[in-house]
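J.: So here's query_7.cif, just mmCIF, C-alpha atoms:
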```
data_input
loop_
_atom_site.label_atom_id
_atom_site.label_comp_id
_atom_site.auth_asym_id
_atom_site.auth_seq_id
_atom_site.Cartn_x
_atom_site.Cartn_y
_atom_site.Cartn_z
CA MET A 11 8.86 28.66 21.44
CA THR A 12 10.66 26.20 19.19
CA GLY A 13 10.12 23.47 21.77
CA SER A 14 6.38 23.88 21.69
CA ARG A 15 6.46 23.88 17.89
CA TYR A 16 8.23 20.52 17.82
CA PHE A 17 5.81 19.23 20.39
CA ILE A 18 2.73 20.32 18.46
CA ASN A 19 4.02 18.73 15.26
CA ILE A 20 4.82 15.42 16.96
CA LEU A 21 1.39 15.44 18.60
CA ARG A 22 -0.27 16.20 15.27
CA PHE A 23 1.68 13.42 13.56
CA THR A 24 0.69 10.80 16.16
CA LEU A 25 -2.94 11.83 16.38
CA LEU A 26 -3.42 12.03 12.61
CA VAL A 27 -1.87 8.57 12.14
CA LEU A 28 -4.08 7.05 14.84
CA VAL A 29 -7.25 8.73 13.58
CA GLN A 30 -6.42 7.66 10.04
CA VAL A 31 -5.74 3.98 10.74
CA LEU A 32 -8.29 3.40 13.50
CA VAL A 33 -11.20 5.41 12.14
CA PHE A 34 -10.93 6.50 8.53
CA ASN A 35 -9.25 3.40 7.09
CA ARG A 36 -12.26 1.33 8.11
CA LEU A 37 -14.93 3.82 7.11
CA ASN A 38 -15.56 2.27 3.65
CA PHE A 39 -18.26 4.77 2.80
CA PHE A 40 -20.24 3.46 -0.23
CA GLY A 41 -17.97 0.43 -0.05
CA PHE A 42 -14.76 2.10 -1.18
CA ILE A 43 -14.35 5.70 0.06
CA ASN A 44 -11.67 5.87 2.76
CA PRO A 45 -10.78 9.55 3.23
CA MET A 46 -7.08 10.20 3.83
CA ILE A 47 -7.17 12.99 6.35
CA TYR A 48 -3.50 12.62 7.30
CA ILE A 49 -2.76 14.93 4.35
CA LEU A 50 -3.70 17.74 6.76
CA PHE A 51 -0.28 17.31 8.36
CA LEU A 52 1.36 18.52 5.16
CA TYR A 53 -1.20 21.33 4.92
CA TRP A 54 -0.53 22.55 8.45
CA TYR A 55 3.24 22.07 8.53
CA PRO A 56 5.13 25.39 8.92
CA ILE A 57 6.13 26.96 5.62
CA LYS A 58 9.54 28.39 6.46
CA GLU A 59 11.12 25.10 7.39
CA ASN A 60 14.00 23.14 5.94
CA ARG A 61 12.67 21.46 2.80
CA ALA A 62 14.83 18.36 3.19
CA VAL A 63 13.44 17.74 6.69
CA PHE A 64 9.92 18.31 5.41
CA ILE A 65 10.32 15.75 2.62
CA GLY A 66 11.82 13.28 5.10
CA ILE A 67 8.86 13.73 7.48
CA GLY A 68 6.45 13.32 4.58
CA PHE A 69 8.07 10.01 3.69
CA LEU A 70 7.98 8.84 7.31
CA LEU A 71 4.29 9.76 7.66
CA GLY A 72 3.33 7.84 4.53
CA PHE A 73 5.45 4.87 5.57
CA VAL A 74 3.83 4.59 9.02
CA ILE A 75 0.37 4.66 7.42
CA ASP A 76 1.56 1.99 4.96
CA ILE A 77 2.68 -0.34 7.71
CA PHE A 78 -0.70 -0.08 9.40
CA SER A 79 -2.75 -0.62 6.27
CA ASP A 80 -0.56 -3.25 4.54
CA THR A 81 -0.17 -1.13 1.41
CA LEU A 82 3.57 -1.06 1.53
CA ALA A 83 4.98 2.24 0.30
CA LEU A 84 1.94 3.39 -1.72
CA HIS A 85 1.14 6.10 0.83
CA ALA A 86 4.84 6.88 1.22
CA ALA A 87 5.32 7.46 -2.52
CA ALA A 88 2.24 9.69 -2.75
CA THR A 89 3.02 11.66 0.41
CA VAL A 90 6.68 12.26 -0.38
CA SER A 91 5.61 13.53 -3.81
CA ILE A 92 3.20 16.12 -2.47
CA ALA A 93 5.77 17.14 0.14
CA TYR A 94 8.15 17.81 -2.74
CA LEU A 95 5.50 19.58 -4.84
CA ARG A 96 4.12 21.72 -2.01
CA PRO A 97 6.21 24.90 -2.68
CA THR A 98 5.26 24.77 -6.37
CA ILE A 99 1.58 24.43 -5.51
CA MET A 100 1.84 27.26 -2.96
CA ARG A 101 3.49 29.55 -5.50
CA PHE A 102 0.68 28.73 -7.92
CA VAL A 103 -2.09 29.38 -5.41
CA PHE A 104 -0.77 32.32 -3.35
CA GLY A 105 1.30 33.98 -6.04
CA ILE A 106 4.34 36.06 -5.10
CA ASN A 107 2.92 36.77 -1.60
CA TYR A 108 4.14 33.46 -0.37
CA GLU A 109 7.77 34.53 -0.74
CA PHE A 110 7.42 37.20 1.95
CA GLN A 111 8.69 36.62 5.44
CA SER A 112 5.38 37.61 7.06
CA PHE A 113 3.33 35.15 5.05
CA LYS A 114 0.88 33.10 7.10
CA LEU A 115 -1.66 30.55 5.99
CA SER A 116 -4.28 32.09 8.24
CA ASN A 117 -3.92 35.48 6.52
CA THR A 118 -5.00 34.18 3.14
CA THR A 119 -8.53 34.03 1.82
CA ARG A 120 -10.78 31.03 2.33
CA ALA A 121 -10.86 30.30 -1.43
CA GLN A 122 -7.06 30.19 -1.55
CA GLN A 123 -6.86 27.79 1.36
CA ILE A 124 -9.42 25.46 -0.20
CA THR A 125 -7.65 25.53 -3.58
CA PHE A 126 -4.33 24.76 -1.90
CA LEU A 127 -5.79 21.83 0.03
CA ALA A 128 -7.67 20.53 -3.02
CA LEU A 129 -4.54 20.58 -5.18
CA LEU A 130 -2.58 18.69 -2.52
CA ILE A 131 -5.35 16.08 -2.31
CA VAL A 132 -5.73 15.65 -6.07
CA ALA A 133 -1.96 15.21 -6.57
CA HIS A 134 -1.79 12.73 -3.67
CA HIS A 135 -4.78 10.64 -4.76
CA MET A 136 -3.66 10.57 -8.41
CA ILE A 137 -0.29 9.09 -7.46
CA PHE A 138 -1.75 6.77 -4.82
CA PHE A 139 -4.47 5.15 -6.92
CA THR A 140 -2.34 4.99 -10.08
CA LEU A 141 0.26 3.03 -8.13
CA GLU A 142 -2.33 0.89 -6.34
CA ILE A 143 -4.23 -0.23 -9.43
CA PHE A 144 -1.29 0.09 -11.84
CA SER A 145 -2.97 -0.78 -15.11
CA LEU A 146 -4.02 1.41 -18.02
CA PRO A 147 -7.22 -0.50 -18.91
CA ASN A 148 -8.54 0.41 -15.46
CA LEU A 149 -8.16 4.16 -16.05
CA LEU A 150 -11.84 4.74 -15.35
CA VAL A 151 -11.61 2.91 -12.02
CA ILE A 152 -8.62 5.08 -11.09
CA LEU A 153 -10.48 8.26 -12.03
CA LYS A 154 -13.60 7.18 -10.15
CA LYS A 155 -11.60 6.45 -7.01
CA VAL A 156 -9.60 9.69 -7.27
CA ILE A 157 -12.72 11.83 -7.69
CA PHE A 158 -14.91 10.26 -5.01
CA THR A 159 -12.23 9.65 -2.41
CA GLY A 160 -10.86 13.13 -3.19
CA ILE A 161 -14.22 14.76 -2.48
CA GLY A 162 -14.53 12.77 0.76
CA THR A 163 -11.03 13.72 1.86
CA LEU A 164 -11.58 17.39 1.00
CA ILE A 165 -14.82 17.67 2.96
CA LEU A 166 -13.38 15.96 6.04
CA CYS A 167 -10.14 17.94 5.88
CA LEU A 168 -12.10 21.20 5.71
CA LEU A 169 -14.18 20.16 8.71
CA PHE A 170 -11.07 19.18 10.66
CA SER A 171 -9.19 22.33 9.75
CA SER A 172 -12.07 24.53 10.87
CA LEU A 173 -12.42 22.53 14.09
CA PHE A 174 -8.73 22.74 14.96
CA SER A 175 -8.08 26.16 13.51
CA VAL A 176 -4.52 27.46 13.85
CA GLN A 177 -5.48 31.13 14.04
CA LYS A 178 -5.51 32.39 17.59
CA GLU A 179 -6.16 36.09 17.01
CA MET B 17 34.72 17.82 -9.39
CA GLN B 18 33.70 21.28 -8.19
CA GLN B 19 30.88 21.24 -10.70
CA ILE B 20 29.60 17.87 -9.52
CA ILE B 21 29.51 19.08 -5.91
CA ASN B 22 27.79 22.27 -6.99
CA PHE B 23 25.27 20.24 -8.93
CA ILE B 24 24.53 18.03 -5.92
CA LEU B 25 24.21 21.02 -3.59
CA ARG B 26 21.92 22.81 -6.00
CA TYR B 27 19.60 19.91 -6.57
CA LYS B 28 19.86 18.27 -3.15
CA ILE B 29 16.14 18.59 -2.50
CA THR B 30 15.22 17.03 -5.81
CA LEU B 31 17.79 14.29 -5.32
CA LEU B 32 16.47 13.53 -1.84
CA TYR B 33 12.95 13.39 -3.24
CA LEU B 34 13.99 11.05 -6.03
CA LEU B 35 15.84 8.82 -3.55
CA LEU B 36 12.82 8.49 -1.24
CA LEU B 37 10.47 7.99 -4.19
CA THR B 38 12.71 5.23 -5.53
CA ILE B 39 12.72 3.53 -2.12
CA SER B 40 8.93 3.58 -1.92
CA LEU B 41 8.54 2.40 -5.52
CA ALA B 42 10.98 -0.42 -4.83
CA PHE B 43 8.86 -1.50 -1.86
CA THR B 44 5.72 -1.30 -3.99
CA VAL B 45 7.19 -3.47 -6.74
CA GLN B 46 8.55 -5.90 -4.17
CA SER B 47 5.17 -6.19 -2.46
CA HIS B 48 3.63 -7.29 -5.76
CA SER B 49 5.67 -10.46 -5.61
CA TYR B 50 4.64 -13.29 -3.30
CA HIS B 51 7.17 -12.90 -0.53
CA ARG B 52 6.65 -9.58 1.08
CA SER B 53 8.85 -7.74 3.48
CA ARG B 54 9.30 -9.52 6.79
CA TYR B 55 8.82 -6.61 9.18
CA PHE B 56 6.90 -3.91 7.34
CA ASN B 57 3.38 -5.25 7.60
CA SER B 58 0.53 -4.75 10.03
CA ALA B 59 1.45 -7.93 11.95
CA ASN B 60 4.41 -6.30 13.68
CA TRP B 61 4.23 -5.71 17.42
CA LEU B 62 3.51 -1.96 17.31
CA SER B 63 0.61 -1.88 14.87
CA GLY B 64 -0.49 -5.30 16.08
CA SER B 65 -0.83 -4.19 19.68
CA ILE B 66 -2.51 -0.89 18.75
CA TYR B 67 -5.10 -2.73 16.64
CA ASN B 68 -5.51 -5.28 19.41
CA THR B 69 -6.21 -2.63 22.07
CA MET B 70 -8.68 -0.90 19.77
CA ASP B 71 -10.35 -4.23 19.07
CA ASP B 72 -10.63 -5.07 22.77
CA VAL B 73 -12.62 -1.88 23.21
CA SER B 74 -14.85 -2.18 20.15
CA ASN B 75 -15.49 -5.84 20.87
CA TYR B 76 -17.77 -4.95 23.78
CA PHE B 77 -20.27 -3.42 21.42
CA SER B 78 -20.81 -6.58 19.41
CA LEU B 79 -20.68 -9.26 22.10
CA GLY B 80 -24.37 -10.11 21.77
CA GLU B 81 -24.18 -10.68 18.05
CA ILE B 82 -21.01 -12.77 18.32
CA ASN B 83 -22.67 -14.89 20.99
CA ARG B 84 -25.66 -15.51 18.75
CA GLU B 85 -23.39 -16.57 15.86
CA LEU B 86 -21.42 -18.96 18.04
CA LEU B 87 -24.61 -20.44 19.47
CA GLU B 88 -25.90 -21.02 15.95
CA GLU B 89 -22.66 -22.74 14.95
CA ASN B 90 -22.76 -24.92 18.09
CA ARG B 91 -26.32 -25.89 17.31
CA ARG B 92 -25.35 -26.94 13.78
CA LEU B 93 -22.35 -28.95 14.96
CA ARG B 94 -24.36 -30.62 17.74
CA SER B 95 -27.10 -31.64 15.35
CA LEU B 96 -24.40 -33.22 13.18
CA LEU B 97 -22.95 -34.96 16.20
CA TYR B 98 -26.23 -36.45 17.42
CA ASN B 99 -27.19 -37.65 13.97
CA THR B 100 -24.07 -39.70 13.32
CA GLU B 101 -23.97 -43.29 14.47
CA VAL B 102 -21.66 -43.59 17.42
CA LYS B 103 -19.91 -46.88 18.02
CA ASP B 104 -19.57 -48.25 21.54
CA SER B 105 -16.03 -47.17 21.96
CA ILE B 106 -14.13 -44.59 19.98
CA GLU B 107 -10.40 -44.85 19.78
CA LEU B 108 -8.88 -41.43 19.91
CA ASP B 109 -5.49 -41.24 18.32
CA THR B 110 -4.20 -37.73 17.88
CA ALA B 111 -1.52 -38.90 15.46
CA ALA B 112 -4.23 -40.00 13.06
CA LEU B 113 -5.81 -36.53 12.93
CA ASN B 114 -5.33 -34.88 9.60
CA TYR B 115 -6.03 -31.30 10.53
CA SER B 116 -5.73 -29.32 13.73
CA LEU B 117 -7.53 -26.06 14.34
CA LEU B 118 -6.72 -22.87 16.23
CA SER B 119 -9.20 -20.13 16.96
CA ALA B 120 -8.36 -16.47 16.53
CA ARG B 121 -9.97 -13.04 16.34
CA ILE B 122 -9.70 -10.51 13.54
CA ILE B 123 -8.21 -7.25 14.76
CA LYS B 124 -7.98 -5.50 11.39
CA ASN B 125 -10.19 -6.22 8.41
CA SER B 126 -9.92 -4.68 4.95
CA TYR B 127 -11.91 -5.24 1.75
CA SER B 128 -11.88 -2.07 -0.33
CA ASN B 129 -8.33 -2.20 -1.71
CA GLN B 130 -6.93 -4.21 -4.58
CA ASP B 131 -4.83 -6.39 -2.29
CA ASN B 132 -6.58 -6.89 1.00
CA TYR B 133 -4.90 -8.23 4.12
CA ILE B 134 -6.53 -9.19 7.40
CA THR B 135 -4.65 -9.09 10.70
CA ILE B 136 -5.46 -11.70 13.38
CA ASN B 137 -4.40 -11.92 17.02
CA LYS B 138 -2.50 -15.25 16.95
CA GLY B 139 1.11 -15.63 15.85
CA GLU B 140 4.19 -17.82 15.98
CA ASN B 141 3.97 -18.17 19.77
CA GLN B 142 0.59 -19.85 19.34
CA GLY B 143 1.82 -22.07 16.50
CA VAL B 144 0.65 -20.11 13.46
CA GLU B 145 2.89 -20.49 10.42
CA GLN B 146 2.97 -19.21 6.88
CA ASP B 147 0.57 -20.89 4.41
CA MET B 148 -1.98 -22.08 6.93
CA GLY B 149 -5.60 -21.78 5.82
CA VAL B 150 -8.00 -19.41 7.58
CA ILE B 151 -11.78 -20.02 7.61
CA THR B 152 -14.85 -18.78 9.45
CA ALA B 153 -17.90 -20.77 10.48
CA LEU B 154 -19.44 -19.97 7.09
CA GLY B 155 -16.61 -20.42 4.61
CA ILE B 156 -13.03 -19.77 3.63
CA LEU B 157 -11.31 -16.46 4.29
CA GLY B 158 -7.70 -16.63 3.16
CA ILE B 159 -4.19 -17.91 3.75
CA VAL B 160 -1.66 -16.81 6.40
CA GLU B 161 1.04 -14.85 4.65
CA LYS B 162 3.22 -13.33 7.39
CA THR B 163 3.55 -14.01 11.07
CA SER B 164 5.14 -12.15 13.96
CA ASN B 165 5.37 -13.36 17.56
CA ASN B 166 1.76 -12.67 18.48
CA TYR B 167 0.03 -11.61 15.27
CA ALA B 168 -0.39 -12.82 11.72
CA ALA B 169 -1.27 -11.12 8.41
CA VAL B 170 -3.72 -13.10 6.30
CA GLN B 171 -3.97 -12.71 2.54
CA SER B 172 -7.73 -12.42 2.05
CA ILE B 173 -9.51 -14.14 -0.87
CA LEU B 174 -10.26 -10.54 -1.86
CA ASN B 175 -6.71 -10.11 -3.12
CA THR B 176 -5.47 -10.06 -6.72
CA LYS B 177 -2.69 -12.49 -5.73
CA SER B 178 -5.10 -15.01 -4.22
CA ASN B 179 -5.41 -18.29 -6.13
CA ILE B 180 -7.23 -21.17 -4.42
CA ASN B 181 -8.21 -24.58 -5.76
CA ALA B 182 -12.00 -24.93 -5.75
CA LYS B 183 -14.62 -27.26 -7.21
CA ILE B 184 -18.35 -27.65 -7.64
CA LYS B 185 -19.86 -29.52 -4.70
CA GLY B 186 -20.57 -33.16 -5.41
CA THR B 187 -18.40 -33.32 -8.54
CA ASP B 188 -14.67 -33.42 -9.11
CA ASN B 189 -14.50 -30.60 -11.63
CA PHE B 190 -12.05 -28.16 -10.17
CA GLY B 191 -10.84 -24.73 -11.17
CA SER B 192 -9.00 -21.82 -9.59
CA LEU B 193 -10.63 -19.15 -7.49
CA LYS B 194 -9.51 -15.57 -8.16
CA TRP B 195 -10.78 -12.06 -7.57
CA ASN B 196 -11.35 -9.39 -10.22
CA THR B 197 -11.45 -6.56 -7.60
CA LYS B 198 -14.92 -5.40 -8.71
CA ARG B 199 -17.16 -6.38 -5.77
CA PHE B 200 -16.27 -7.45 -2.25
CA ASP B 201 -19.06 -10.04 -2.06
CA GLU B 202 -18.06 -11.91 -5.24
CA VAL B 203 -15.07 -13.95 -6.38
CA GLN B 204 -14.44 -15.62 -9.74
CA LEU B 205 -13.97 -19.31 -10.47
CA GLU B 206 -12.03 -20.02 -13.67
CA ASP B 207 -11.00 -23.05 -15.72
CA ILE B 208 -14.15 -25.15 -15.31
CA PRO B 209 -14.54 -26.91 -18.71
CA ARG B 210 -17.72 -26.23 -20.73
CA LEU B 211 -18.73 -29.92 -20.63
CA VAL B 212 -19.75 -29.51 -16.99
CA LYS B 213 -23.43 -28.81 -16.41
CA LEU B 214 -23.87 -25.76 -14.18
CA LEU B 215 -26.86 -24.20 -12.52
CA VAL B 216 -27.18 -20.83 -10.84
CA GLY B 217 -27.21 -21.53 -7.10
CA ASP B 218 -24.82 -24.50 -7.18
CA THR B 219 -22.46 -24.57 -4.20
CA ILE B 220 -18.73 -24.07 -4.65
CA VAL B 221 -16.36 -25.71 -2.13
CA THR B 222 -12.59 -26.08 -1.82
CA GLY B 223 -10.98 -28.80 -3.92
CA ALA B 224 -8.84 -31.76 -2.91
CA ARG B 225 -5.73 -30.49 -4.68
CA SER B 226 -4.96 -27.91 -2.07
CA SER B 227 -2.65 -28.93 0.76
CA ILE B 228 -3.78 -25.87 2.74
CA PHE B 229 -7.54 -26.35 3.07
CA PRO B 230 -9.38 -29.61 3.75
CA GLU B 231 -11.71 -30.73 0.97
CA ASN B 232 -15.31 -29.47 0.95
CA VAL B 233 -14.94 -26.25 2.94
CA PRO B 234 -17.79 -24.04 1.68
CA ILE B 235 -17.00 -20.92 -0.37
CA GLY B 236 -20.21 -19.64 -1.96
CA THR B 237 -22.88 -20.21 -4.58
CA ILE B 238 -22.87 -19.63 -8.34
CA LYS B 239 -24.41 -16.26 -9.12
CA LYS B 240 -23.76 -16.01 -12.85
CA PHE B 241 -21.71 -17.92 -15.42
CA ASP B 242 -20.72 -17.52 -19.07
CA LEU B 243 -18.12 -18.93 -21.43
CA ASN B 244 -14.76 -17.22 -21.76
CA THR B 245 -13.38 -15.83 -25.02
CA SER B 246 -11.98 -19.15 -26.19
CA GLN B 247 -15.43 -20.71 -25.58
CA SER B 248 -13.94 -23.75 -23.85
CA PHE B 249 -14.02 -22.75 -20.19
CA TYR B 250 -16.56 -21.08 -17.95
CA ASN B 251 -16.12 -17.80 -16.11
CA ILE B 252 -18.19 -18.12 -12.97
CA ASP B 253 -19.13 -15.37 -10.51
CA VAL B 254 -19.37 -16.84 -7.02
CA GLN B 255 -21.46 -15.16 -4.33
CA LEU B 256 -19.56 -15.63 -1.05
CA PHE B 257 -21.18 -17.15 2.04
CA ASN B 258 -19.09 -14.85 4.25
CA ASP B 259 -20.03 -11.24 4.63
CA MET B 260 -16.48 -9.93 4.15
CA THR B 261 -17.36 -6.59 5.72
CA ASN B 262 -18.42 -8.09 9.04
CA LEU B 263 -16.05 -10.75 10.36
CA LYS B 264 -14.85 -11.46 13.87
CA ASN B 265 -13.98 -15.03 14.88
CA VAL B 266 -11.89 -17.22 12.61
CA TYR B 267 -10.26 -20.65 12.67
CA ILE B 268 -6.75 -21.39 11.47
CA ILE B 269 -6.26 -24.81 9.88
CA ASN B 270 -2.98 -26.63 10.22
CA ASN B 271 -2.28 -29.61 7.99
CA PRO B 272 0.65 -31.55 9.53
CA ASN B 273 0.99 -33.58 6.32
CA ARG B 274 1.58 -30.52 4.20
CA ALA B 275 5.37 -30.73 4.36
CA GLU B 276 5.24 -34.33 3.16
CA ILE B 277 2.86 -33.51 0.30
CA LEU B 278 5.02 -30.59 -0.81
CA GLU B 279 8.13 -32.73 -0.71
CA LEU B 280 6.48 -35.36 -2.88
CA GLU B 281 5.33 -32.77 -5.41
CA ASN B 282 8.80 -31.23 -5.51
CA ASP B 283 10.30 -34.63 -6.24
CA LEU B 284 7.92 -35.00 -9.16
CA ASP B 285 8.90 -31.61 -10.51
CA ASN B 286 12.60 -32.43 -10.21
CA ASP B 287 12.24 -35.74 -12.05
CA ARG B 288 10.67 -34.06 -15.03
#
```
Once more with this new file: its structure as structure tokens, please.

T.:
Amino acid sequence: MTGSRYFINILRFTLLVLVQVLVFNRLNFFGFINPMIYILFLYWYPIKENRAVFIGIGFLLGFVIDIFSDTLALHAAATVSIAYLRPTIMRFVFGINYEFQSFKLSNTTRAQQITFLALLIVAHHMIFFTLEIFSLPNLLVILKKVIFTGIGTLILCLLFSSLFSVQKE
Amino acid sequence: MQQIINFILRYKITLLYLLLLTISLAFTVQSHSYHRSRYFNSANWLSGSIYNTMDDVSNYFSLGEINRELLEENRRLRSLLYNTEVKDSIELDTAALNYSLLSARIIKNSYSNQDNYITINKGENQGVEQDMGVITALGILGIVEKTSNNYAAVQSILNTKSNINAKIKGTDNFGSLKWNTKRFDEVQLEDIPRLVKLLVGDTIVTGARSSIFPENVPIGTIKKFDLNTSQSFYNIDVQLFNDMTNLKNVYIINNPNRAEILELENDLDNDR
């Protein structure tokens, strides 16, 4: 059981990285929208896991994407931050339910799942584009990129998560 | 002591997060300076070979178009060749050649970020070194920034760190070519004095001051110009000849005299 769980996470990691760098990094929709669907890894990752390991994996995921896209450590900084913030966001979205042992992502409502994913994406994109552009006069550019790329990422992530749904019942 | 250990144990997650965040921020700050990390870029063997495999596959779908472009370039070069007067015998002396060229293929292109890098499929084993110029058949593309054994990362002209000497064709008024990150088909030429007469549509080429590019490599045409805030220099928007979104075959220019030129300029700086 645990073996297959490791396996599925490693497979997910590799596939998401490849899909991100080979397909979505060169999409350039409207000239600048490159959806970051690798955030799905953090959305799907089991909840009752060691937080330190989770943060470490988040950092590694961002770093691999960085190496491929020559944006050294921008993705890593953003991804490690949302990995750290994930429990806070989950508590906010799912309330006290999330503390229970039997809690499962697939048992929650659709609205809750979308809110959770959207919050992850917004936090990630905010940190990413602020670091990338790194100047206050360009605040509008940052906001524009966060909003449009965020919408793109959200739509694609929702499509992907309904395609590869985790619920087997 | 007990309290310190307790503190660390209690906040170990936060501390780990802060540590990793600091590492990534340190990399980010470091990458804003000219010399970037040696190994962590897309020219390393792993990402290089993955991009290369992907490119081998996707290349099949554009073979016809690439052929057409190459044929067009050959036609242009041949018409130049037949229209120059050829003497009876030409002495070929490779030591007298100023520039040597290598051909390469782009395996990863990027143009929507602030700092864009392009990965090409030639590296140290093929003689590519840092600070060689990269051009296409239409115009300049960038400068080699990092090399690995078989791949190289090129700093595109669409990069906030890019700064290339350029001039208006037919004159010797030069300025520096930069990018304001707004559009991927435009770059900006600065420091052209207001005395110079400009027209929309004038051609911009590389200047003679650069030891990386030969003189008169095309860049683009003037799209719009106005005076800067001090009213003494022009800000010029240059429309690029290259379509930066659709690039495949490139040439790498090696200037064997570059080391000598740099040495001379360093001597001048030291004497001052």

J.: Determine the residue membership of the PyMOL selection byres ((chain B) within 10 of (chain A)) for the file above and supply it as number ranges by chain.

T.: B: 28-34, 36-48, 52-53, 55-60, 62-64, 66-67, 70-71, 124-135, 169, 197-200, 261

J.: Do a neighbour search on B:Asn271 at 8 Å with only C-alpha atoms, toss out local chain neighbours closer than 4 positions, and write the hits as number ranges by chain.

T.: B: 114-116, 148, 227-229

J.: For A:Thr118, list every protein, DNA or RNA residue within 10 Å, evaluated using all atoms listed in the file, and leave out those in the same chain fewer than 6 positions away; present the list as a list in words.

T.: Phe104, Asn107 and Tyr108 of chain A

J.: Atom CA of A:Phe158 and atom CA of B:Asn196 are how many Å apart?

T.: 20.6 Å

J.: What gap, in Å, lies between atom CA of B:Leu117 and atom CA of B:Ile269?

T.: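 So the answer is 4.8 Å.
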
J.: Record the distance separating atom CA of B:Asp259 and atom CA of B:Gly236, expressed in Å with one decimal.

T.: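 Atom-to-atom, atom CA of B:Asp259 to atom CA of B:Gly236, that is 10.7 Å.
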
J.: Assuming the chain letters and numbering stay as they are in my file, what does the PyMOL selection byres ((chain A and resi 56-59) around 12) actually select? List them as a PyMOL selection string.

T.: chain A and resi 12+15-16+18-19+50-55+60-65+67+93+96-97+100-101+108-116+176

J.: Would you kindly return, as a VMD selection string, each protein, DNA or RNA residue with an atom no farther than 10 Å from any atom of A:Ile152, considering all atoms listed in the file and excluding same-chain residues fewer than 5 positions away?

T.: chain A and resid 135 to 147 157

J.: Nearest residue to A:Ile124 out of A:Ile161, A:Ile106, A:Leu168, A:Lys155, using all atoms listed in the file?

T.: A:Leu168
